[in-house]
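Here is the file data_23.csv (CSV, C-alpha atoms).
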chain,number,residue,atom,x,y,z
A,18,MET,CA,-48.1,-33.1,47.1
A,19,ALA,CA,-48.0,-31.2,43.8
A,20,ILE,CA,-47.9,-27.5,44.1
A,21,THR,CA,-47.6,-24.9,41.4
A,22,VAL,CA,-44.4,-22.7,41.2
A,23,ARG,CA,-44.8,-19.5,39.2
A,24,VAL,CA,-41.5,-18.1,38.0
A,25,PRO,CA,-40.6,-14.6,36.6
A,26,THR,CA,-39.5,-14.0,33.1
A,27,GLN,CA,-35.8,-13.8,34.1
A,28,LEU,CA,-35.9,-17.5,35.2
A,29,ARG,CA,-37.9,-18.9,32.4
A,30,THR,CA,-34.7,-19.7,30.4
A,31,LEU,CA,-34.3,-22.4,33.0
A,32,THR,CA,-37.9,-23.8,32.7
A,33,GLY,CA,-38.0,-24.1,29.0
A,34,GLY,CA,-39.9,-20.8,28.7
A,35,ARG,CA,-42.8,-21.9,31.1
A,36,GLU,CA,-44.3,-19.5,33.6
A,37,GLU,CA,-45.6,-22.3,35.8
A,38,VAL,CA,-44.0,-25.5,36.8
A,39,SER,CA,-45.3,-28.2,39.1
A,40,ALA,CA,-43.2,-29.7,42.0
A,41,ASP,CA,-43.7,-32.0,44.9
A,42,GLY,CA,-42.6,-31.4,48.5
A,43,ALA,CA,-43.8,-31.0,52.0
A,44,THR,CA,-42.1,-27.7,52.6
A,45,VAL,CA,-41.0,-24.7,50.6
A,46,GLY,CA,-37.4,-25.9,50.9
A,47,ALA,CA,-38.4,-29.3,49.6
A,48,VAL,CA,-40.3,-27.8,46.7
A,49,ILE,CA,-37.2,-25.8,45.7
A,50,ASP,CA,-35.1,-28.9,45.8
A,51,ALA,CA,-37.6,-30.6,43.6
A,52,ILE,CA,-37.6,-27.8,41.0
A,53,GLU,CA,-33.8,-27.8,41.1
A,54,ALA,CA,-33.8,-31.5,40.2
A,55,ALA,CA,-36.1,-30.8,37.2
A,56,HIS,CA,-34.6,-27.5,36.2
A,57,PRO,CA,-30.9,-27.3,37.3
A,58,GLY,CA,-29.6,-23.9,38.2
A,59,LEU,CA,-32.8,-22.5,39.7
A,60,LYS,CA,-31.9,-23.1,43.3
A,61,ASP,CA,-28.7,-21.0,43.2
A,62,ARG,CA,-30.7,-18.1,41.9
A,63,LEU,CA,-33.1,-18.2,44.8
A,64,LEU,CA,-31.0,-19.4,47.8
A,65,ASP,CA,-27.5,-18.9,49.2
A,66,ALA,CA,-25.7,-20.4,52.1
A,67,LYS,CA,-27.9,-18.5,54.6
A,68,GLY,CA,-31.2,-19.4,53.0
A,69,ILE,CA,-33.4,-17.3,50.8
A,70,ARG,CA,-31.3,-14.6,49.2
A,71,ARG,CA,-32.1,-11.2,50.7
A,72,PHE,CA,-33.6,-9.7,47.5
A,73,ILE,CA,-35.7,-12.7,46.5
A,74,ASN,CA,-39.4,-12.6,47.6
A,75,LEU,CA,-41.1,-16.0,47.8
A,76,TYR,CA,-44.9,-15.9,48.2
A,77,LEU,CA,-46.9,-19.0,49.3
A,78,ASN,CA,-50.3,-18.1,47.8
A,79,ASP,CA,-50.4,-14.5,48.8
A,80,GLU,CA,-48.1,-14.5,51.8
A,81,ASP,CA,-44.4,-13.7,52.0
A,82,VAL,CA,-42.7,-16.9,53.4
A,83,ARG,CA,-40.4,-14.7,55.4
A,84,PHE,CA,-43.4,-14.0,57.7
A,85,LEU,CA,-44.2,-17.7,57.8
A,86,ASP,CA,-41.5,-20.3,58.6
A,87,GLY,CA,-39.2,-19.5,55.7
A,88,LEU,CA,-37.9,-22.6,53.9
A,89,GLY,CA,-39.5,-24.7,56.5
A,90,THR,CA,-43.1,-23.5,55.8
A,91,ALA,CA,-45.4,-26.4,55.2
A,92,VAL,CA,-47.2,-26.6,51.8
A,93,LYS,CA,-50.3,-28.5,50.8
A,94,GLU,CA,-51.8,-29.8,47.6
A,95,GLY,CA,-52.9,-27.0,45.4
A,96,ASP,CA,-50.8,-24.3,46.9
A,97,SER,CA,-49.0,-21.8,44.7
A,98,LEU,CA,-45.4,-20.6,45.3
A,99,THR,CA,-44.5,-17.4,43.4
A,100,VAL,CA,-41.0,-15.9,42.9
A,101,VAL,CA,-41.4,-12.1,42.7
A,102,PRO,CA,-38.5,-10.2,41.2
A,103,ALA,CA,-37.3,-6.7,42.0
A,104,ILE,CA,-38.3,-4.1,39.5
A,105,ALA,CA,-35.7,-3.1,36.9
A,106,GLY,CA,-35.0,0.1,35.1
A,107,GLY,CA,-36.8,3.4,34.8
B,14,MET,CA,-21.8,26.6,40.5
B,15,ILE,CA,-24.3,29.2,41.7
B,16,ARG,CA,-27.4,27.5,43.2
B,17,PRO,CA,-30.3,29.9,43.2
B,18,LYS,CA,-32.2,30.2,46.4
B,19,ARG,CA,-35.3,32.0,45.1
B,20,LEU,CA,-37.4,30.0,42.6
B,21,ASP,CA,-40.4,30.8,40.6
B,22,SER,CA,-41.7,27.2,40.2
B,23,ILE,CA,-41.2,23.7,41.5
B,24,LEU,CA,-39.8,23.0,38.0
B,25,ASP,CA,-36.9,25.3,38.8
B,26,ALA,CA,-36.1,23.2,41.9
B,27,VAL,CA,-35.0,20.3,39.6
B,28,GLY,CA,-31.2,19.9,39.2
B,29,ASN,CA,-28.3,21.9,40.5
B,30,THR,CA,-27.9,19.2,43.1
B,31,PRO,CA,-24.9,19.2,45.5
B,32,LEU,CA,-21.8,17.1,44.7
B,33,MET,CA,-20.7,15.6,48.0
B,34,ARG,CA,-17.3,14.0,48.8
B,35,LEU,CA,-17.6,10.5,50.2
B,36,SER,CA,-14.6,11.0,52.5
B,37,ARG,CA,-15.2,7.9,54.6
B,38,LEU,CA,-15.1,5.7,51.5
B,39,GLU,CA,-11.9,7.4,50.5
B,40,ARG,CA,-10.2,5.9,53.5
B,41,ASP,CA,-9.9,2.8,51.4
B,42,THR,CA,-8.6,4.7,48.3
B,43,PRO,CA,-5.6,6.8,49.3
B,44,GLY,CA,-4.9,9.4,46.5
B,45,VAL,CA,-8.2,9.0,44.8
B,46,GLU,CA,-11.3,11.2,45.5
B,47,ILE,CA,-14.8,10.0,45.3
B,48,TYR,CA,-17.8,12.3,44.8
B,49,ALA,CA,-21.5,11.6,44.6
B,50,LYS,CA,-24.2,13.8,43.1
B,51,LEU,CA,-27.1,14.0,45.6
B,52,GLU,CA,-30.0,13.4,43.2
B,53,PHE,CA,-32.4,12.7,46.1
B,54,GLN,CA,-32.3,16.5,46.6
B,55,ASN,CA,-34.6,16.9,43.6
B,56,PRO,CA,-38.2,17.9,44.5
B,57,GLY,CA,-39.6,14.5,43.5
B,58,GLY,CA,-36.8,12.8,45.4
B,59,SER,CA,-34.9,11.3,42.6
B,60,VAL,CA,-32.7,11.8,39.5
B,61,LYS,CA,-35.8,11.1,37.4
B,62,ASP,CA,-37.1,14.6,37.9
B,63,ARG,CA,-34.5,15.8,35.3
B,64,ALA,CA,-35.7,13.5,32.5
B,65,ALA,CA,-39.4,14.0,33.3
B,66,ARG,CA,-39.1,17.8,33.3
B,67,GLU,CA,-37.3,17.8,29.9
B,68,ILE,CA,-39.8,15.2,28.4
B,69,PHE,CA,-42.8,17.4,29.5
B,70,LEU,CA,-41.4,20.7,28.3
B,71,ASP,CA,-40.1,19.3,25.0
B,72,ALA,CA,-43.5,17.6,24.3
B,73,ILE,CA,-45.4,20.7,25.1
B,74,ALA,CA,-43.1,22.9,23.0
B,75,ARG,CA,-43.5,20.5,20.0
B,76,GLY,CA,-47.3,20.6,20.4
B,77,GLU,CA,-47.5,16.8,21.0
B,78,LEU,CA,-48.7,17.0,24.6
B,79,THR,CA,-52.0,18.9,24.8
B,80,ARG,CA,-54.5,19.4,27.6
B,81,ASP,CA,-57.0,16.9,26.1
B,82,ARG,CA,-54.5,14.0,26.2
B,83,VAL,CA,-53.2,12.0,29.1
B,84,LEU,CA,-49.5,11.4,29.4
B,85,ILE,CA,-48.9,7.7,29.9
B,86,ASP,CA,-45.7,5.8,30.4
B,87,SER,CA,-44.3,2.7,32.0
B,88,THR,CA,-42.1,3.1,35.0
B,89,SER,CA,-40.6,1.2,37.9
B,90,GLY,CA,-41.6,4.1,40.2
B,91,ASN,CA,-39.3,7.1,40.4
B,92,THR,CA,-40.1,8.3,36.9
B,93,GLY,CA,-43.8,7.9,37.9
B,94,VAL,CA,-43.3,10.2,40.9
B,95,ALA,CA,-41.5,12.7,38.7
B,96,TYR,CA,-44.1,12.6,35.9
B,97,SER,CA,-46.9,13.0,38.6
B,98,LEU,CA,-45.1,16.1,40.0
B,99,MET,CA,-44.6,17.7,36.6
B,100,GLY,CA,-48.1,16.9,35.5
B,101,ALA,CA,-49.5,18.5,38.7
B,102,ALA,CA,-47.2,21.6,38.3
B,103,LEU,CA,-48.0,22.1,34.6
B,104,GLY,CA,-51.7,21.1,34.6
B,105,TYR,CA,-51.6,17.9,32.6
B,106,ARG,CA,-53.1,14.5,33.4
B,107,VAL,CA,-50.8,11.5,34.0
B,108,ALA,CA,-51.4,7.7,33.9
B,109,LEU,CA,-48.7,5.2,34.8
B,110,VAL,CA,-48.2,1.5,34.1
B,111,MET,CA,-46.2,-0.1,36.9
B,112,PRO,CA,-45.7,-3.7,37.9
B,113,SER,CA,-48.1,-4.3,40.8
B,114,ASN,CA,-45.2,-5.1,43.2
B,115,VAL,CA,-43.8,-1.5,43.2
B,116,SER,CA,-43.4,-0.2,46.7
B,117,GLN,CA,-46.5,1.1,48.5
B,118,ALA,CA,-44.8,4.4,49.0
B,119,ARG,CA,-44.6,4.9,45.2
B,120,LYS,CA,-48.2,4.0,44.7
B,121,ASP,CA,-49.3,6.4,47.5
B,122,ILE,CA,-47.1,9.3,46.3
B,123,THR,CA,-48.1,9.2,42.7
B,124,ARG,CA,-51.8,8.8,43.6
B,125,ALA,CA,-51.5,11.9,45.9
B,126,PHE,CA,-50.7,13.9,42.8
B,127,GLY,CA,-53.9,12.7,41.1
B,128,THR,CA,-52.2,10.2,38.8
B,129,GLU,CA,-54.0,7.1,37.5
B,130,ILE,CA,-52.1,3.9,38.1
B,131,ILE,CA,-52.5,0.8,35.8
B,132,PHE,CA,-50.9,-2.3,37.2
B,133,SER,CA,-49.0,-4.9,35.1
B,134,ASP,CA,-48.0,-8.5,35.9
B,135,PRO,CA,-45.3,-8.5,38.6
B,136,LEU,CA,-43.7,-11.6,37.2
B,137,GLU,CA,-43.0,-9.8,33.9
B,138,GLY,CA,-41.2,-6.9,35.6
B,139,SER,CA,-40.6,-3.6,33.9
B,140,ASP,CA,-40.6,-5.1,30.5
B,141,GLY,CA,-44.2,-6.3,31.1
B,142,ALA,CA,-45.1,-2.7,32.0
B,143,ILE,CA,-43.5,-1.4,28.8
B,144,ARG,CA,-45.5,-3.9,26.7
B,145,LEU,CA,-48.8,-3.1,28.5
B,146,ALA,CA,-48.3,0.7,28.0
B,147,GLY,CA,-47.7,0.1,24.3
B,148,LYS,CA,-50.9,-2.0,24.1
B,149,LEU,CA,-53.0,0.6,25.8
B,150,VAL,CA,-51.7,3.4,23.6
B,151,ALA,CA,-52.3,1.3,20.5
B,152,GLU,CA,-55.9,0.8,21.6
B,153,GLN,CA,-56.6,4.5,22.3
B,154,PRO,CA,-54.1,6.6,20.4
B,155,ASP,CA,-56.1,9.8,20.6
B,156,ARG,CA,-56.5,9.5,24.4
B,157,TYR,CA,-52.9,9.1,25.3
B,158,TYR,CA,-49.6,10.9,24.7
B,159,TYR,CA,-46.9,8.2,25.1
B,160,PRO,CA,-43.4,9.8,25.6
B,161,ASP,CA,-41.7,6.4,26.2
B,162,GLN,CA,-38.8,7.3,28.5
B,163,TYR,CA,-36.8,4.4,27.1
B,164,SER,CA,-36.8,5.8,23.5
B,165,ASN,CA,-37.2,9.5,24.2
B,166,PRO,CA,-34.1,11.7,23.3
B,167,SER,CA,-35.3,14.3,25.9
B,168,ASN,CA,-34.3,11.7,28.6
B,169,PRO,CA,-30.5,11.6,27.9
B,170,GLY,CA,-30.9,15.2,26.6
B,171,ALA,CA,-31.8,16.4,30.1
B,172,HIS,CA,-28.5,14.9,31.5
B,173,TYR,CA,-26.5,16.3,28.6
B,174,ARG,CA,-27.9,19.7,29.3
B,175,THR,CA,-27.8,19.6,33.1
B,176,THR,CA,-26.1,16.7,35.0
B,177,GLY,CA,-23.0,16.7,32.9
B,178,VAL,CA,-22.7,20.5,32.9
B,179,GLU,CA,-23.1,20.6,36.7
B,180,ILE,CA,-20.4,17.9,37.3
B,181,LEU,CA,-18.0,19.8,35.1
B,182,ALA,CA,-18.8,23.1,36.9
B,183,ASP,CA,-18.0,21.5,40.3
B,184,VAL,CA,-15.0,19.2,39.5
B,185,GLY,CA,-14.2,19.8,35.8
B,186,ASP,CA,-10.6,20.5,36.8
B,187,ARG,CA,-10.0,17.1,38.4
B,188,ILE,CA,-12.6,14.5,37.2
B,189,THR,CA,-11.0,11.4,35.8
B,190,HIS,CA,-13.8,8.8,35.9
B,191,PHE,CA,-17.6,8.9,35.8
B,192,VAL,CA,-19.7,5.8,36.7
B,193,THR,CA,-23.4,5.2,36.9
B,194,GLY,CA,-25.8,2.3,36.6
B,195,LEU,CA,-28.1,1.6,33.7
B,196,GLY,CA,-31.9,1.8,33.9
B,197,THR,CA,-33.4,3.6,31.0
B,198,THR,CA,-29.7,4.4,30.4
B,199,GLY,CA,-30.6,8.2,30.1
B,200,THR,CA,-28.3,9.3,32.9
B,201,MET,CA,-25.4,7.3,31.5
B,202,MET,CA,-25.9,8.4,27.9
B,203,GLY,CA,-26.5,12.1,28.4
B,204,THR,CA,-23.9,12.7,31.1
B,205,THR,CA,-21.3,10.7,29.2
B,206,ARG,CA,-21.9,12.7,26.0
B,207,ARG,CA,-21.3,15.9,27.8
B,208,LEU,CA,-18.2,14.7,29.7
B,209,LYS,CA,-16.7,13.4,26.5
B,210,GLU,CA,-16.7,16.9,25.1
B,211,HIS,CA,-14.6,18.1,28.0
B,212,ALA,CA,-11.0,19.1,27.5
B,213,ARG,CA,-9.8,16.6,30.1
B,214,PRO,CA,-10.3,12.9,29.1
B,215,VAL,CA,-12.9,11.3,31.4
B,216,ARG,CA,-13.3,7.5,31.5
B,217,CYS,CA,-17.0,6.8,31.6
B,218,VAL,CA,-18.2,3.4,33.0
B,219,ALA,CA,-21.6,1.8,32.9
B,220,ALA,CA,-22.7,-0.4,35.8
B,221,GLN,CA,-25.2,-3.2,35.4
B,222,PRO,CA,-26.5,-5.9,37.7
B,223,SER,CA,-24.4,-9.1,37.3
B,224,GLU,CA,-27.4,-11.4,36.9
B,225,SER,CA,-30.9,-11.2,35.4
B,226,LEU,CA,-32.8,-11.8,38.6
B,227,HIS,CA,-31.4,-9.2,40.9
B,228,GLY,CA,-32.3,-6.8,43.8
B,229,LEU,CA,-30.9,-3.6,42.5
B,230,GLU,CA,-34.3,-2.0,41.9
B,231,GLY,CA,-34.2,0.6,39.1
B,232,LEU,CA,-31.2,-1.0,37.3
B,233,LYS,CA,-31.5,-3.1,34.2
B,234,HIS,CA,-29.6,-6.2,33.3
B,235,LEU,CA,-29.5,-5.5,29.6
B,236,PRO,CA,-28.5,-9.0,28.2
B,237,SER,CA,-31.9,-10.3,29.5
B,238,SER,CA,-34.0,-7.2,29.0
B,239,LEU,CA,-35.6,-5.1,26.3
B,240,VAL,CA,-32.7,-2.8,25.4
B,241,PRO,CA,-33.8,0.9,25.5
B,242,ALA,CA,-33.6,2.6,22.1
B,243,ILE,CA,-31.7,5.5,23.6
B,244,TYR,CA,-28.8,3.1,24.7
B,245,ASP,CA,-25.7,3.4,22.6
B,246,GLY,CA,-23.4,0.5,23.5
B,247,ALA,CA,-20.4,2.2,21.9
B,248,LEU,CA,-20.6,5.2,24.3
B,249,PRO,CA,-19.4,3.7,27.7
B,250,ASP,CA,-15.6,3.0,27.9
B,251,GLU,CA,-16.4,-0.1,30.0
B,252,THR,CA,-19.2,-2.0,31.7
B,253,MET,CA,-18.9,-3.1,35.3
B,254,TRP,CA,-21.1,-6.0,36.6
B,255,ILE,CA,-22.4,-5.4,40.2
B,256,THR,CA,-23.8,-8.1,42.4
B,257,THR,CA,-26.9,-7.4,44.5
B,258,GLU,CA,-25.1,-8.2,47.7
B,259,ASP,CA,-22.3,-5.7,47.0
B,260,GLY,CA,-24.8,-3.0,46.1
B,261,TRP,CA,-26.9,-3.7,49.2
B,262,ASP,CA,-23.8,-3.8,51.5
B,263,MET,CA,-22.7,-0.4,50.2
B,264,THR,CA,-26.2,1.0,50.7
B,265,ASP,CA,-25.9,0.0,54.4
B,266,ARG,CA,-22.4,1.5,54.5
B,267,LEU,CA,-23.6,4.9,53.1
B,268,TRP,CA,-26.1,4.9,55.9
B,269,ASP,CA,-23.7,4.0,58.6
B,270,GLU,CA,-20.7,6.1,57.6
B,271,HIS,CA,-22.3,9.1,55.7
B,272,ALA,CA,-25.8,9.2,57.3
B,273,MET,CA,-27.3,8.9,53.8
B,274,LEU,CA,-30.3,6.7,53.6
B,275,VAL,CA,-30.3,6.0,49.8
B,276,GLY,CA,-31.9,3.3,47.6
B,277,HIS,CA,-30.1,0.2,46.3
B,278,SER,CA,-29.3,1.6,42.9
B,279,ALA,CA,-27.4,4.4,44.6
B,280,GLY,CA,-25.6,1.9,46.7
B,281,ALA,CA,-24.6,0.0,43.5
B,282,ASN,CA,-23.3,3.2,42.0
B,283,ALA,CA,-21.3,4.0,45.1
B,284,PHE,CA,-19.9,0.5,45.1
B,285,ALA,CA,-18.9,0.9,41.5
B,286,ALA,CA,-17.2,4.2,42.2
B,287,TRP,CA,-15.4,2.9,45.3
B,288,SER,CA,-14.2,-0.2,43.3
B,289,ILE,CA,-12.8,2.0,40.5
B,290,ALA,CA,-11.1,4.3,43.1
B,291,LYS,CA,-9.6,1.3,44.9
B,292,ASP,CA,-8.1,-0.1,41.7
B,293,LEU,CA,-6.6,3.2,40.8
B,294,SER,CA,-5.2,3.6,44.3
B,295,ALA,CA,-3.8,0.1,44.4
B,296,ARG,CA,-1.9,0.9,41.2
B,297,GLY,CA,-0.5,4.0,42.8
B,298,GLU,CA,-2.4,6.4,40.6
B,299,THR,CA,-4.4,9.5,41.6
B,300,GLY,CA,-7.9,10.3,40.4
B,301,CYS,CA,-11.3,11.7,40.9
B,302,VAL,CA,-14.3,9.4,40.5
B,303,VAL,CA,-17.9,10.8,40.2
B,304,THR,CA,-21.1,8.9,40.6
B,305,ILE,CA,-24.9,9.5,41.1
B,306,LEU,CA,-27.0,8.8,44.2
B,307,CYS,CA,-30.3,8.3,42.5
B,308,ASP,CA,-32.8,8.4,45.3
B,309,ARG,CA,-33.5,8.1,49.0
B,310,GLY,CA,-34.1,4.7,50.7
B,311,ASP,CA,-37.3,5.6,52.4
B,312,ARG,CA,-39.3,4.4,49.3
B,313,TYR,CA,-37.9,0.8,49.9
B,314,PHE,CA,-38.5,0.0,53.5
B,315,PRO,CA,-39.4,-3.7,53.8
B,316,LYS,CA,-42.9,-4.6,54.5
B,317,MET,CA,-44.0,-4.8,58.1
B,318,LYS,CA,-45.6,-7.9,59.4
B,319,TRP,CA,-49.1,-6.5,59.3
B,320,GLU,CA,-48.6,-5.7,55.6
B,321,ARG,CA,-47.5,-9.2,54.7
B,322,LEU,CA,-50.5,-10.1,52.6
B,323,TYR,CA,-50.0,-9.6,48.9
B,324,THR,CA,-52.9,-8.6,46.6
B,325,TRP,CA,-52.4,-10.0,43.2

Could the structure of this file be written out as structure tokens, please?
Amino acid sequence: MAITVRVPTQLRTLTGGREEVSADGATVGAVIDAIEAAHPGLKDRLLDAKGIRRFINLYLNDEDVRFLDGLGTAVKEGDSLTVVPAIAGG
Amino acid sequence: MIRPKRLDSILDAVGNTPLMRLSRLERDTPGVEIYAKLEFQNPGGSVKDRAAREIFLDAIARGELTRDRVLIDSTSGNTGVAYSLMGAALGYRVALVMPSNVSQARKDITRAFGTEIIFSDPLEGSDGAIRLAGKLVAEQPDRYYYPDQYSNPSNPGAHYRTTGVEILADVGDRITHFVTGLGTTGTMMGTTRRLKEHARPVRCVAAQPSESLHGLEGLKHLPSSLVPAIYDGALPDETMWITTEDGWDMTDRLWDEHAMLVGHSAGANAFAAWSIAKDLSARGETGCVVTILCDRGDRYFPKMKWERLYTW
């Protein structure tokens, strides 16, 4: 199942400058593993030993996955996973 | 310092904030004092009131901001609240460009003052808001007055004229270190310039998030950002790199131990001050470290379950 992952500017150095990458997986966690395989270094920026890092917001379509099943949230073809950063400076 | 109790205008309520000793944190730093300036005591609830007041008054005095124009700027939130307050107090219209994921509290507060909000792409963060503000101004140069807080000398100027002076009035006889995080860099630049003129040598440290994708809202990781024109890299004696986790844990500690519900940038600043104090203490030195508590934490409460849907 291919889903679209939208990444903020701060992580685009790891995706060759692309805002959107495509990844396969049945759950949010599996999708993150797939993007890590294609773009090494991304996973560490999003997850730590306890799961999703506290300040990282992952939205499946328009819903925060914290309020779904976290990394275990099931995804389906055509879904969009978005990494929303905190707001810097000023 | 004399803090006036009778004021003529809300503008006069800006600044002259208390400097509070963080005595619980000092338990880890024998021989070294830690003080924090309570910037959440400003009428708009954050340190940004200082820069916004100076920017408004300077622009009006120069004749650049007139009643037929709308003041527009990009902001991550607190400057927006401060501009909205000053605009309402002085009778000028304000428009703000903010990433659409700014907290609901900020959207509600600024709108309550009559401010117009224009949203920018949340994935492009505050740099996206800067670019969109620039584009809107280029399209309608006669409609807008664009102070650009990242380039405006009134921003560090406010801190040179007020924050630095107040710190010296309160602890000028003992201060050895000053540390604060970088956002627009105005607080760091202006306060440091004033402290460097003081008879006592004061070591001034700039704190930055340790990585580009971080959760220290309001602070900027300069190596991966548009560097503000007001930033002079030669001014800080040192840069400290703060992890989000350390900043957040210290935010919790300020709540638990000092009953201060502050934002994460304030937590990062307190962590930086505590780290400097701990190093000095471990070397057997004495000292007095001063930092800034930028704002309160009630603008950052996490979303509740019924607010979980995001509108793009």

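Nearest to Thr304 (chain B) of all the residues B:Arg124, B:Ser225, B:Asn282, B:Thr92 is B:Asn282, based on all atoms listed in the file.
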
Counting only C-alpha atoms, which residue out of A:Ala40, A:Glu53, A:Val92, A:Val100 sits closest to Ile69 (chain A)?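 Of the candidates, the smallest distance to Ile69 (chain A) is held by A:Val100.
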
Could you state the separation of CA of Phe284 (chain B) and CA of Asp250 (chain B) in Å, given to one decimal place?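 Computed distance, CA of Phe284 (chain B) to CA of Asp250 (chain B), equals 17.9 Å.
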
With all atoms listed in the file considered, list every residue of chain B at most 6 Å from chain A, as a ChimeraX atom specification. /B:88-89,136-139,196-197,225-226,228,230-233,322-323

Kindly indicate which residue among B:Tyr313, B:Tyr48, B:Phe69, B:Tyr158 lies nearest to Cys301 (chain B), using only C-alpha atoms for the distances.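 Selected residue with least distance to Cys301 (chain B): B:Tyr48.
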
Here is a test: counting only C-alpha atoms, which residue of B:Pro169, B:Gly127, B:Pro112, B:Gly194 is nearest to Arg206 (chain B)? B:Pro169

Close residues, Ile20 (chain A) itself excluded, 9 Å, only C-alpha atoms, min 4 positions apart in chain, as a list in words: Val38, Ser39, Ala40, Asp41, Gly42, Val48, Val92, Lys93, Glu94, Gly95, Asp96, Ser97 and Leu98 of chain A

Which neighbours of Thr193 (chain B) fall inside 9 Å, counting all atoms listed in the file, when residues of the same chain fewer than 4 positions from it are skipped, and could you give them as a JSON list (two decimals) with C-alpha atoms, in the coordinates of the input?
[["chain", "number", "residue", "atom", "x", "y", "z"],
["B", 200, "THR", "CA", -28.30, 9.30, 32.90],
["B", 201, "MET", "CA", -25.40, 7.30, 31.50],
["B", 217, "CYS", "CA", -17.00, 6.80, 31.60],
["B", 218, "VAL", "CA", -18.20, 3.40, 33.00],
["B", 219, "ALA", "CA", -21.60, 1.80, 32.90],
["B", 220, "ALA", "CA", -22.70, -0.40, 35.80],
["B", 221, "GLN", "CA", -25.20, -3.20, 35.40],
["B", 279, "ALA", "CA", -27.40, 4.40, 44.60],
["B", 281, "ALA", "CA", -24.60, 0.00, 43.50],
["B", 282, "ASN", "CA", -23.30, 3.20, 42.00],
["B", 283, "ALA", "CA", -21.30, 4.00, 45.10],
["B", 285, "ALA", "CA", -18.90, 0.90, 41.50],
["B", 286, "ALA", "CA", -17.20, 4.20, 42.20],
["B", 303, "VAL", "CA", -17.90, 10.80, 40.20],
["B", 304, "THR", "CA", -21.10, 8.90, 40.60],
["B", 305, "ILE", "CA", -24.90, 9.50, 41.10],
["B", 306, "LEU", "CA", -27.00, 8.80, 44.20]]

If I take CA of Gly280 (chain B) and CA of Phe191 (chain B), how far is one from the other in Å, to one decimal?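 Separation of CA of Gly280 (chain B) and CA of Phe191 (chain B): 15.2 Å.
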
Separation of CA of Ile131 (chain B) and CA of His277 (chain B), in Å?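 About the pair CA of Ile131 (chain B) and CA of His277 (chain B): they are 24.7 Å apart.
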